[in-house]
$ cat run.txt   # compact mmCIF, C-alpha atoms
# COMPACT_ATOMS: atom_id res chain seq x y z
CA MET D 19 46.40 7.38 74.39
CA ILE D 20 47.28 5.26 71.38
CA ALA D 21 43.71 4.11 71.06
CA LEU D 22 42.60 7.72 71.26
CA SER D 23 44.90 8.79 68.45
CA LEU D 24 43.85 5.83 66.34
CA ILE D 25 40.24 6.83 66.86
CA LEU D 26 41.15 10.41 65.89
CA LEU D 27 42.89 9.17 62.76
CA LEU D 28 39.93 7.08 61.70
CA ALA D 29 37.41 9.74 62.58
CA ASP D 30 39.22 12.39 60.58
CA SER D 31 40.14 10.37 57.52
CA GLN D 32 37.26 7.98 57.06
CA PHE D 33 34.23 9.66 58.51
CA ASN D 34 35.29 13.29 58.24
CA LEU D 35 33.88 14.01 61.68
CA PHE D 36 35.94 17.13 62.22
CA ALA D 37 34.80 18.99 59.15
CA SER D 38 32.82 21.46 61.24
CA SER D 39 35.09 21.70 64.26
CA ARG D 40 38.15 22.06 62.06
CA ILE D 41 37.36 25.76 61.64
CA TYR D 42 37.76 26.27 65.38
CA LEU D 43 40.76 23.97 65.64
CA ASN D 44 42.45 25.75 62.77
CA SER D 45 41.70 29.14 64.27
CA LEU D 46 43.24 27.89 67.48
CA VAL D 47 46.65 27.49 65.90
CA SER D 48 46.48 30.41 63.48
CA PRO D 49 48.22 32.84 65.92
CA LEU D 50 51.23 30.53 65.80
CA GLN D 51 51.13 30.58 62.04
CA TYR D 52 50.96 34.34 61.95
CA ILE D 53 53.92 34.57 64.32
CA ALA D 54 55.99 32.17 62.22
CA ASP D 55 55.12 34.09 59.10
CA ALA D 56 55.95 37.49 60.60
CA PRO D 57 59.74 37.59 60.00
CA GLN D 58 59.30 36.69 56.35
CA LYS D 59 56.65 39.34 55.96
CA LEU D 60 58.77 41.94 57.72
CA PHE D 61 61.67 41.09 55.45
CA SER D 62 59.64 41.43 52.29
CA THR D 63 58.11 44.74 53.38
CA LEU D 64 61.61 45.97 54.19
CA ALA D 65 62.78 44.88 50.76
CA ASP D 66 59.82 46.70 49.25
CA ASN D 67 60.65 49.87 51.13
CA LEU D 68 64.34 49.83 50.29
CA MET D 69 64.03 50.70 46.62
CA THR D 70 65.73 53.49 44.82
CA ARG D 71 63.73 56.32 43.37
CA ASP D 72 64.76 55.42 39.84
CA ALA D 73 63.64 51.84 40.22
CA LEU D 74 60.30 52.99 41.57
CA LYS D 75 59.88 55.45 38.75
CA GLU D 76 60.72 52.84 36.16
CA ARG D 77 58.34 50.38 37.70
CA ASN D 78 55.60 52.97 37.85
CA GLN D 79 56.04 53.71 34.17
CA GLN D 80 55.99 50.05 33.33
CA LEU D 81 52.84 49.51 35.34
CA GLU D 82 51.16 52.51 33.74
CA LYS D 83 51.96 51.10 30.33
CA ASP D 84 50.57 47.72 31.32
CA ASN D 85 47.51 49.40 32.72
CA LEU D 86 46.92 51.28 29.48
CA HIS D 87 47.15 48.09 27.46
CA LEU D 88 44.87 46.20 29.82
CA LYS D 89 42.32 49.01 29.80
CA ALA D 90 42.36 49.10 26.03
CA ASP D 91 41.78 45.35 25.98
CA ARG D 92 38.98 45.78 28.43
CA LEU D 93 37.20 48.23 26.15
CA LEU D 94 36.94 45.47 23.63
CA LEU D 95 36.08 42.94 26.29
CA THR D 96 32.80 44.56 27.29
CA GLN D 97 31.88 44.76 23.64
CA LEU D 98 32.70 41.09 23.16
CA GLN D 99 30.89 40.17 26.34
CA ASN D 100 27.70 41.79 25.12
CA GLU D 101 28.05 40.16 21.76
CA ASN D 102 28.66 36.80 23.36
CA LYS D 103 25.64 37.25 25.57
CA GLN D 104 23.45 38.07 22.61
CA LEU D 105 24.71 35.10 20.64
CA ARG D 106 24.17 32.83 23.60
CA GLU D 107 20.67 34.14 24.01
CA LEU D 108 20.06 33.35 20.35
CA LEU D 109 21.33 29.83 20.98
CA ASN D 110 19.29 29.53 24.17
CA SER D 111 22.29 28.50 26.22
CA GLN D 112 23.52 30.47 29.15
CA ARG D 113 26.81 30.70 30.84
CA SER D 114 27.65 32.66 33.91
CA PHE D 115 30.82 34.53 34.68
CA THR D 116 31.95 34.84 38.23
CA ASN D 117 32.32 38.38 39.38
CA LYS D 118 33.27 38.35 43.01
CA ARG D 119 36.88 37.70 43.80
CA MET D 120 39.34 38.53 46.53
CA ILE D 121 43.09 38.91 46.66
CA THR D 122 44.83 36.79 49.25
CA GLU D 123 48.41 36.48 50.34
CA VAL D 124 50.29 33.21 50.67
CA MET D 125 51.79 32.53 54.08
CA SER D 126 54.81 30.60 52.98
CA LEU D 127 54.82 28.09 55.79
CA ARG D 128 55.77 24.48 55.68
CA SER D 129 53.01 21.97 55.23
CA ASP D 130 52.62 18.26 55.52
CA PRO D 131 55.37 16.71 53.35
CA PHE D 132 52.98 14.28 51.72
CA THR D 133 50.56 16.84 50.36
CA HIS D 134 50.95 19.99 48.29
CA GLN D 135 49.21 22.74 50.16
CA LEU D 136 49.53 26.46 50.64
CA LEU D 137 48.38 28.47 53.59
CA ILE D 138 46.57 31.71 52.79
CA ASN D 139 45.65 34.56 55.07
CA LYS D 140 41.91 34.61 54.43
CA GLY D 141 39.40 32.45 56.23
CA ALA D 142 35.77 31.89 57.07
CA LEU D 143 35.50 35.46 58.34
CA ASP D 144 36.18 36.66 54.79
CA GLY D 145 33.62 34.27 53.36
CA VAL D 146 36.01 31.55 52.20
CA TYR D 147 34.29 28.21 51.80
CA LEU D 148 35.41 24.63 51.30
CA GLY D 149 36.14 23.71 47.71
CA GLN D 150 36.47 27.32 46.60
CA PRO D 151 38.51 27.74 43.40
CA VAL D 152 41.81 29.60 43.73
CA ILE D 153 43.70 31.11 40.79
CA ASN D 154 46.54 33.51 40.20
CA GLU D 155 47.21 35.77 37.24
CA GLU D 156 48.53 32.86 35.17
CA GLY D 157 46.01 30.14 35.78
CA VAL D 158 44.34 27.78 38.19
CA VAL D 159 46.24 27.11 41.40
CA GLY D 160 43.96 24.80 43.36
CA GLN D 161 41.00 24.74 45.68
CA VAL D 162 40.40 25.45 49.35
CA SER D 163 40.67 22.26 51.35
CA GLN D 164 40.49 23.48 54.94
CA VAL D 165 39.04 26.63 56.37
CA GLY D 166 39.93 28.38 59.59
CA SER D 167 38.52 31.68 60.76
CA THR D 168 41.49 33.73 59.56
CA THR D 169 43.57 31.23 57.56
CA SER D 170 42.77 28.52 55.06
CA ARG D 171 44.60 25.83 53.20
CA VAL D 172 44.68 25.54 49.44
CA LEU D 173 45.13 22.11 47.92
CA LEU D 174 47.24 22.60 44.80
CA ILE D 175 46.39 21.00 41.48
CA VAL D 176 49.67 19.06 41.57
CA ASP D 177 48.68 17.19 44.74
CA ALA D 178 48.28 13.48 44.14
CA SER D 179 44.71 13.55 45.43
CA HIS D 180 43.56 16.43 43.24
CA GLY D 181 41.71 16.10 39.98
CA ILE D 182 40.22 18.82 37.79
CA PRO D 183 38.02 18.51 34.70
CA VAL D 184 39.50 20.29 31.69
CA ARG D 185 39.07 20.64 27.97
CA VAL D 186 41.62 21.34 25.28
CA GLN D 187 41.26 24.95 24.20
CA ARG D 188 42.01 24.14 20.56
CA ASN D 189 39.32 21.54 19.94
CA ASP D 190 37.21 21.10 23.10
CA VAL D 191 38.35 17.54 23.81
CA THR D 192 37.52 16.92 27.46
CA ALA D 193 39.83 15.24 29.93
CA ILE D 194 40.67 15.14 33.59
CA VAL D 195 43.95 16.41 34.96
CA HIS D 196 45.33 14.64 38.01
CA GLY D 197 48.13 15.83 40.24
CA SER D 198 51.26 13.72 40.23
CA GLY D 199 52.81 14.71 43.54
CA ALA D 200 55.70 16.54 41.86
CA TRP D 201 55.74 20.33 41.72
CA ASN D 202 55.69 20.74 37.95
CA LYS D 203 54.02 17.66 36.53
CA LEU D 204 50.40 16.72 36.01
CA ASN D 205 48.98 13.49 34.63
CA VAL D 206 46.17 13.32 32.13
CA PRO D 207 44.88 9.74 32.40
CA PHE D 208 42.28 7.99 30.25
CA VAL D 209 42.97 9.85 27.02
CA GLN D 210 42.28 7.71 23.96
CA SER D 211 45.48 7.01 22.10
CA ASN D 212 43.95 8.40 18.91
CA ALA D 213 42.75 11.61 20.56
CA ASP D 214 43.65 14.86 18.86
CA LEU D 215 46.09 16.18 21.41
CA GLN D 216 49.47 17.77 20.77
CA GLU D 217 52.35 18.88 22.87
CA GLY D 218 51.86 22.53 23.72
CA ASP D 219 48.07 22.38 23.77
CA LEU D 220 46.52 24.57 26.43
CA LEU D 221 44.12 22.85 28.82
CA VAL D 222 41.45 25.08 30.33
CA THR D 223 38.84 24.32 32.97
CA SER D 224 35.69 22.87 31.47
CA GLY D 225 33.41 23.78 34.34
CA LEU D 226 31.87 20.32 34.26
CA GLY D 227 32.60 19.44 37.86
CA GLY D 228 30.74 22.49 39.06
CA ARG D 229 33.58 23.58 41.30
CA PHE D 230 35.78 25.51 38.94
CA PRO D 231 34.26 28.11 36.64
CA ALA D 232 34.87 27.33 32.97
CA GLY D 233 37.61 28.84 30.85
CA TYR D 234 40.58 29.33 33.16
CA PRO D 235 43.92 27.97 31.91
CA VAL D 236 45.23 25.02 33.89
CA ALA D 237 48.19 23.43 32.12
CA THR D 238 49.94 22.89 28.84
CA VAL D 239 50.49 19.40 27.47
CA SER D 240 54.17 18.63 27.80
CA ARG D 241 54.28 15.08 26.49
CA PHE D 242 51.95 12.98 24.40
CA ASN D 243 53.07 9.43 23.95
CA TYR D 244 51.30 6.23 23.06
CA GLN D 245 52.27 2.67 22.49
CA GLU D 246 51.05 0.67 19.54
CA GLY D 247 47.91 -1.19 20.56
CA ALA D 248 47.49 0.51 23.92
CA LEU D 249 44.04 1.80 24.74
CA TYR D 250 45.09 5.00 26.42
CA ALA D 251 47.87 7.43 25.67
CA GLU D 252 50.41 8.57 28.21
CA VAL D 253 49.89 12.29 28.60
CA THR D 254 51.63 14.61 31.01
CA ALA D 255 51.14 18.33 31.40
CA THR D 256 52.85 21.26 33.09
CA PRO D 257 50.81 23.69 35.20
CA VAL D 258 50.74 27.19 33.72
CA ALA D 259 50.72 28.85 37.12
CA LYS D 260 54.05 28.97 38.92
CA LEU D 261 52.76 27.18 41.98
CA ASP D 262 55.86 27.29 44.12
CA ARG D 263 56.58 30.98 43.80
CA SER D 264 53.29 32.81 43.66
CA ARG D 265 52.76 35.25 46.47
CA TYR D 266 49.34 36.65 45.75
CA LEU D 267 46.38 34.50 44.80
CA LEU D 268 42.80 35.23 43.83
CA LEU D 269 39.85 33.55 45.48
CA LEU D 270 36.86 33.18 43.17
CA TRP D 271 33.26 33.03 44.22
CA ASN D 272 31.35 30.61 42.11
CA ASP D 273 27.91 32.19 41.73
CA HIS D 274 26.22 28.93 41.04
CA GLN D 275 27.79 26.78 43.68
CA TYR D 276 24.42 25.93 45.21
CA ASN D 277 22.76 25.15 41.92
CA GLU D 278 25.67 22.96 40.93
CA SER D 279 25.70 21.09 44.20
CA ASP D 280 21.97 20.45 43.75
CA LEU D 281 22.76 19.03 40.35
CA SER D 282 25.30 16.61 41.71
CA LEU D 283 22.76 15.26 44.19
CA THR D 284 20.30 14.26 41.50
CA PRO D 285 20.47 10.69 40.18
CA PRO D 286 22.96 10.01 37.38
CA GLU D 287 20.34 9.82 34.60
CA SER D 288 19.70 13.52 34.79
CA GLU D 289 23.38 14.36 34.80
CA ASP D 290 23.72 13.28 31.20
CA VAL D 291 21.65 16.18 30.03
CA SER D 292 23.58 18.79 32.00
CA PRO D 293 24.20 21.82 29.81
CA GLU D 294 27.66 22.21 28.43
CA MET N 25 62.14 25.89 91.60
CA SER N 26 58.39 25.70 91.48
CA VAL N 27 56.50 23.46 89.12
CA LEU N 28 54.86 26.38 87.41
CA SER N 29 58.03 28.16 86.39
CA SER N 30 59.69 25.00 85.14
CA TYR N 31 56.67 24.32 83.00
CA ARG N 32 56.97 27.86 81.74
CA VAL N 33 60.46 27.18 80.41
CA ILE N 34 59.44 23.82 78.93
CA TYR N 35 56.41 25.30 77.17
CA LEU N 36 58.50 28.13 75.84
CA THR N 37 60.85 25.65 74.17
CA PHE N 38 57.87 23.76 72.77
CA PHE N 39 56.43 27.00 71.44
CA LEU N 40 59.71 27.87 69.71
CA GLY N 41 59.96 24.31 68.43
CA LEU N 42 56.52 24.50 66.85
CA ILE N 43 57.43 27.77 65.17
CA CYS N 44 60.70 26.30 63.88
CA ALA N 45 58.76 23.31 62.56
CA ILE N 46 56.63 25.49 60.27
CA PHE N 47 59.02 28.39 59.68
CA PRO N 48 59.20 29.25 55.98
CA LEU N 49 62.31 28.00 54.20
CA PRO N 50 63.17 27.88 50.51
CA ILE N 51 61.96 24.70 48.89
CA ILE N 52 65.49 23.38 48.39
CA LEU N 53 66.32 23.70 52.08
CA ASN N 54 62.94 22.46 53.23
CA ALA N 55 63.92 18.82 53.01
CA PHE N 56 66.89 19.46 55.30
CA ARG N 57 64.81 20.94 58.08
CA PRO N 58 65.58 19.03 61.29
CA ASP N 59 62.64 17.46 63.08
CA TRP N 60 62.70 19.91 65.95
CA MET N 61 59.65 18.58 67.70
CA ILE N 62 60.94 15.01 67.88
CA LEU N 63 64.31 16.19 69.20
CA LEU N 64 62.63 18.44 71.79
CA LEU N 65 60.34 15.70 72.99
CA PHE N 66 63.20 13.24 73.10
CA TYR N 67 65.20 15.56 75.31
CA TRP N 68 62.46 16.57 77.72
CA VAL N 69 61.09 13.08 78.18
CA LEU N 70 64.62 11.87 78.76
CA ALA N 71 65.49 14.62 81.22
CA LEU N 72 62.21 15.05 83.06
CA PRO N 73 59.98 12.03 82.49
CA HIS N 74 57.80 13.03 85.45
CA ARG N 75 57.06 16.40 83.86
CA VAL N 76 56.78 15.70 80.15
CA SER N 77 55.32 12.41 79.08
CA ILE N 78 52.83 10.78 76.77
CA GLY N 79 50.04 13.27 77.45
CA HIS N 80 52.19 16.21 76.44
CA ALA N 81 53.44 14.33 73.41
CA PHE N 82 49.88 13.66 72.31
CA VAL N 83 48.80 17.30 72.58
CA LEU N 84 51.93 18.53 70.81
CA GLY N 85 51.39 16.03 68.03
CA LEU N 86 47.83 17.24 67.65
CA LEU N 87 49.01 20.86 67.45
CA LEU N 88 51.57 19.92 64.81
CA ASP N 89 48.87 18.09 62.84
CA LEU N 90 46.77 21.24 62.85
CA LEU N 91 49.72 23.44 61.91
CA LEU N 92 50.80 21.23 59.03
CA GLY N 93 47.30 20.46 57.86
CA SER N 94 47.84 16.72 57.93
CA THR N 95 45.24 14.20 59.00
CA LEU N 96 44.40 14.72 62.65
CA GLY N 97 46.15 12.22 64.90
CA MET N 98 49.06 11.32 62.64
CA HIS N 99 51.73 13.10 64.62
CA ALA N 100 49.76 12.67 67.84
CA LEU N 101 49.95 8.89 67.56
CA LEU N 102 53.59 8.97 66.56
CA PHE N 103 54.70 11.33 69.33
CA SER N 104 52.81 9.34 71.95
CA VAL N 105 54.53 6.13 70.86
CA LEU N 106 57.96 7.80 70.86
CA ALA N 107 57.35 9.34 74.29
CA TYR N 108 56.28 5.95 75.57
CA LEU N 109 59.40 4.26 74.21
CA VAL N 110 61.65 6.90 75.76
CA SER N 111 59.84 7.06 79.09
CA ILE N 112 60.12 3.33 79.76
CA ASN N 113 63.81 3.31 78.85
CA TYR N 114 64.95 6.69 80.15
CA GLN N 115 67.11 5.27 82.91
CA ARG N 116 69.08 3.22 80.43
CA ILE N 117 69.32 5.99 77.79
CA ARG N 118 70.66 8.48 80.34
CA TYR N 119 73.86 6.46 80.63
CA PHE N 120 74.46 6.55 76.90
CA THR N 121 77.29 8.67 75.52
CA LEU N 122 76.48 11.59 73.26
CA VAL N 123 77.39 9.54 70.18
CA GLN N 124 75.04 6.77 71.22
CA THR N 125 72.15 9.14 71.85
CA THR N 126 72.81 10.74 68.51
CA LEU N 127 72.47 7.37 66.82
CA LEU N 128 69.39 6.65 68.90
CA ALA N 129 67.82 9.98 67.91
CA GLY N 130 68.56 9.16 64.28
CA GLY N 131 66.93 5.78 64.75
CA PHE N 132 63.86 7.36 66.34
CA ILE N 133 63.49 9.84 63.51
CA LEU N 134 63.87 7.12 60.91
CA LEU N 135 61.19 5.15 62.71
CA ALA N 136 59.00 8.25 62.90
CA LYS N 137 59.38 8.95 59.18
CA LEU N 138 58.59 5.37 58.27
CA VAL N 139 55.51 5.34 60.47
CA LEU N 140 54.36 8.71 59.10
CA TYR N 141 54.81 7.44 55.57
CA TRP N 142 52.97 4.25 56.41
CA ILE N 143 50.03 6.09 57.98
CA ALA N 144 49.86 8.62 55.17
CA SER N 145 50.05 5.98 52.46
CA SER N 146 47.27 3.99 54.07
CA LEU N 147 45.02 7.05 54.09
CA GLN N 148 45.67 8.56 50.68
CA ASP N 149 47.76 7.89 47.61
CA ILE N 150 51.03 9.72 47.95
CA VAL N 151 54.35 10.02 46.25
CA LEU N 152 57.54 9.38 48.19
CA HIS N 153 60.34 11.76 47.30
CA SER N 154 63.91 10.60 47.65
CA HIS N 155 64.78 13.60 49.80
CA TYR N 156 62.14 12.71 52.35
CA PHE N 157 64.75 11.00 54.54
CA TRP N 158 67.47 13.65 54.34
CA SER N 159 66.25 15.45 57.43
CA ILE N 160 67.37 12.45 59.50
CA PHE N 161 71.00 13.41 58.86
CA THR N 162 70.53 17.10 59.62
CA SER N 163 68.67 16.15 62.78
CA MET N 164 71.52 13.86 63.83
CA LEU N 165 74.05 16.59 63.06
CA ILE N 166 72.16 19.06 65.17
CA TRP N 167 71.28 16.75 68.05
CA PRO N 168 74.56 16.97 70.08
CA TRP N 169 74.53 20.80 70.05
CA PHE N 170 70.82 20.86 70.68
CA PHE N 171 71.22 18.46 73.58
CA LEU N 172 73.96 20.53 75.19
CA PHE N 173 72.00 23.72 74.62
CA LEU N 174 68.87 22.32 76.23
CA ARG N 175 70.90 20.97 79.14
CA PHE N 176 72.41 24.42 79.59
CA ILE N 177 68.90 25.88 79.63
CA ARG N 178 67.67 23.25 82.05
CA ILE N 179 70.53 23.91 84.48
CA ARG N 180 70.53 27.67 83.98
CA PHE N 181 66.82 28.03 84.72
CA LYS N 182 66.85 25.16 87.23
CA VAL N 183 64.06 23.31 85.50
CA ALA N 184 63.23 20.21 87.47
$ encode --input "run.txt" --output "structure tokens"
Amino acid sequence: MIALSLILLLADSQFNLFASSRIYLNSLVSPLQYIADAPQKLFSTLADNLMTRDALKERNQQLEKDNLHLKADRLLLTQLQNENKQLRELLNSQRSFTNKRMITEVMSLRSDPFTHQLLINKGALDGVYLGQPVINEEGVVGQVSQVGSTTSRVLLIVDASHGIPVRVQRNDVTAIVHGSGAWNKLNVPFVQSNADLQEGDLLVTSGLGGRFPAGYPVATVSRFNYQEGALYAEVTATPVAKLDRSRYLLLLWNDHQYNESDLSLTPPESEDVSPE
Amino acid sequence: MSVLSSYRVIYLTFFLGLICAIFPLPIILNAFRPDWMILLLFYWVLALPHRVSIGHAFVLGLLLDLLLGSTLGMHALLFSVLAYLVSINYQRIRYFTLVQTTLLAGGFILLAKLVLYWIASSLQDIVLHSHYFWSIFTSMLIWPWFFLFLRFIRIRFKVA
């Protein structure tokens, strides 16, 4: 039995043998997860239903106001989009925007204490795939790390094994943001100590890895510190998305996932000329 | 009582235990969540070693791995080892007082946490939080009541 579990451990961690069967295994236990999530869900729907008329009215007004503002912004957005497209055509560079997205709900269940994961209630049946970017209304949340037929797991950007390529919105300096293992801290390693980076700078996805579409906010720089003579500066950042209290997330479909994965298979010489 | 119906009761407790193990709690309380599955296994292997043993422990560990999304086999290995340790010593442990079994349960959970940490740290780089070990104390606090409750269930439903 011990040998069997050791073999399982090795097979799963080193050789990733269960990648395909994990869908079925995960679907096997998803009824349990739905049952455990049910009381919480019931409670929140009850809380939603037990609202006074005034509160509802006020909220409705607020939402209508927000909607008006957002729609007005959107009017400009299409204009800007067209303009941007034309300018990009003039420059002969193209950039795609992802269109398809899906709202998913977080099943607030406990996960492995060593990793930062969330369980969501969409799975392979909804078209979720491994490595799919997940955001909420504030910024990037993480990526899908395991898929079941009706549930999936999202690896958060603060997990110690997660890294995401970013650039500074202010001046396009590129960097990589690593999770630290704490809920509200990210590390930005390998930043030159003379790099133009300030506290409060917004880091957005650069789209270089091919997984995350470019332009989504990831974190703000919370500390920039360097020692005299050190090669790299000590930079930490705070995620912009409230990872521990978001209830609804958005799954994004990266239109060019297949093209990008083809790119990553080509030898490293050709990667240098990848369009930015 | 027939084998089938006693297994029914045992599996029902396992089912509830699995749900308790993943039941949503606020983040602050999460660290204090007792290790229900270890306590359950400890009790059943102790009480009925001919019914629940290493095989059951392995399958339950695998289920917990899937539920928690950890590397497959982590909890399976751990639970099998714990079940083995209990099942070779059950005759001795049965004569322990409640205080002694409480300490033993605490020791088992400490061992389990250390092994889990060791396995996890050998597979990936992880960060150990200081509150990782707090659940040992809540588990030890709960164990006497849990033990009496399970014994009540075992006698009430004549599980043998």
$ atom_distance --input "run.txt" --atom1 "CA of Trp167 (chain N)" --atom2 "CA of Gly79 (chain N)"
23.5 Å
$ interface_residues --input "run.txt" --of "chain N" --to "chain D" --cutoff "9 Å" --atoms "all atoms listed in the file" --output "MDAnalysis selection string"
chainID N and resid 39 42:49 51 54:55 78:79 82 86:87 89:102 104:105 141 144:145 147:153 156
$ residues_around --input "run.txt" --residues "Met164 (chain N)" --least-positions-apart "5" --cutoff "8 Å" --atoms "only C-alpha atoms" --output "list of chain:residue names"
N:Thr126, N:Leu127, N:Ala129, N:Gly130
$ residues_around --input "run.txt" --residues "Ser167 (chain D)" --least-positions-apart "2" --cutoff "9 Å" --atoms "only C-alpha atoms" --output "short mmCIF file (atom, residue, chain, number, x, y, z; two decimals) with C-alpha atoms, in the coordinates of the input"
data_model
loop_
_atom_site.label_atom_id
_atom_site.label_comp_id
_atom_site.auth_asym_id
_atom_site.auth_seq_id
_atom_site.Cartn_x
_atom_site.Cartn_y
_atom_site.Cartn_z
CA ILE D 41 37.36 25.76 61.64
CA TYR D 42 37.76 26.27 65.38
CA ASN D 44 42.45 25.75 62.77
CA SER D 45 41.70 29.14 64.27
CA SER D 48 46.48 30.41 63.48
CA LYS D 140 41.91 34.61 54.43
CA GLY D 141 39.40 32.45 56.23
CA ALA D 142 35.77 31.89 57.07
CA LEU D 143 35.50 35.46 58.34
CA ASP D 144 36.18 36.66 54.79
CA VAL D 146 36.01 31.55 52.20
CA VAL D 165 39.04 26.63 56.37
CA THR D 169 43.57 31.23 57.56
CA SER D 170 42.77 28.52 55.06
#
$ closest_residue --input "run.txt" --among "N:Leu70, N:Ile160, N:Leu174, N:Ile179" --to "Arg57 (chain N)" --atoms "all atoms listed in the file"
N:Ile160
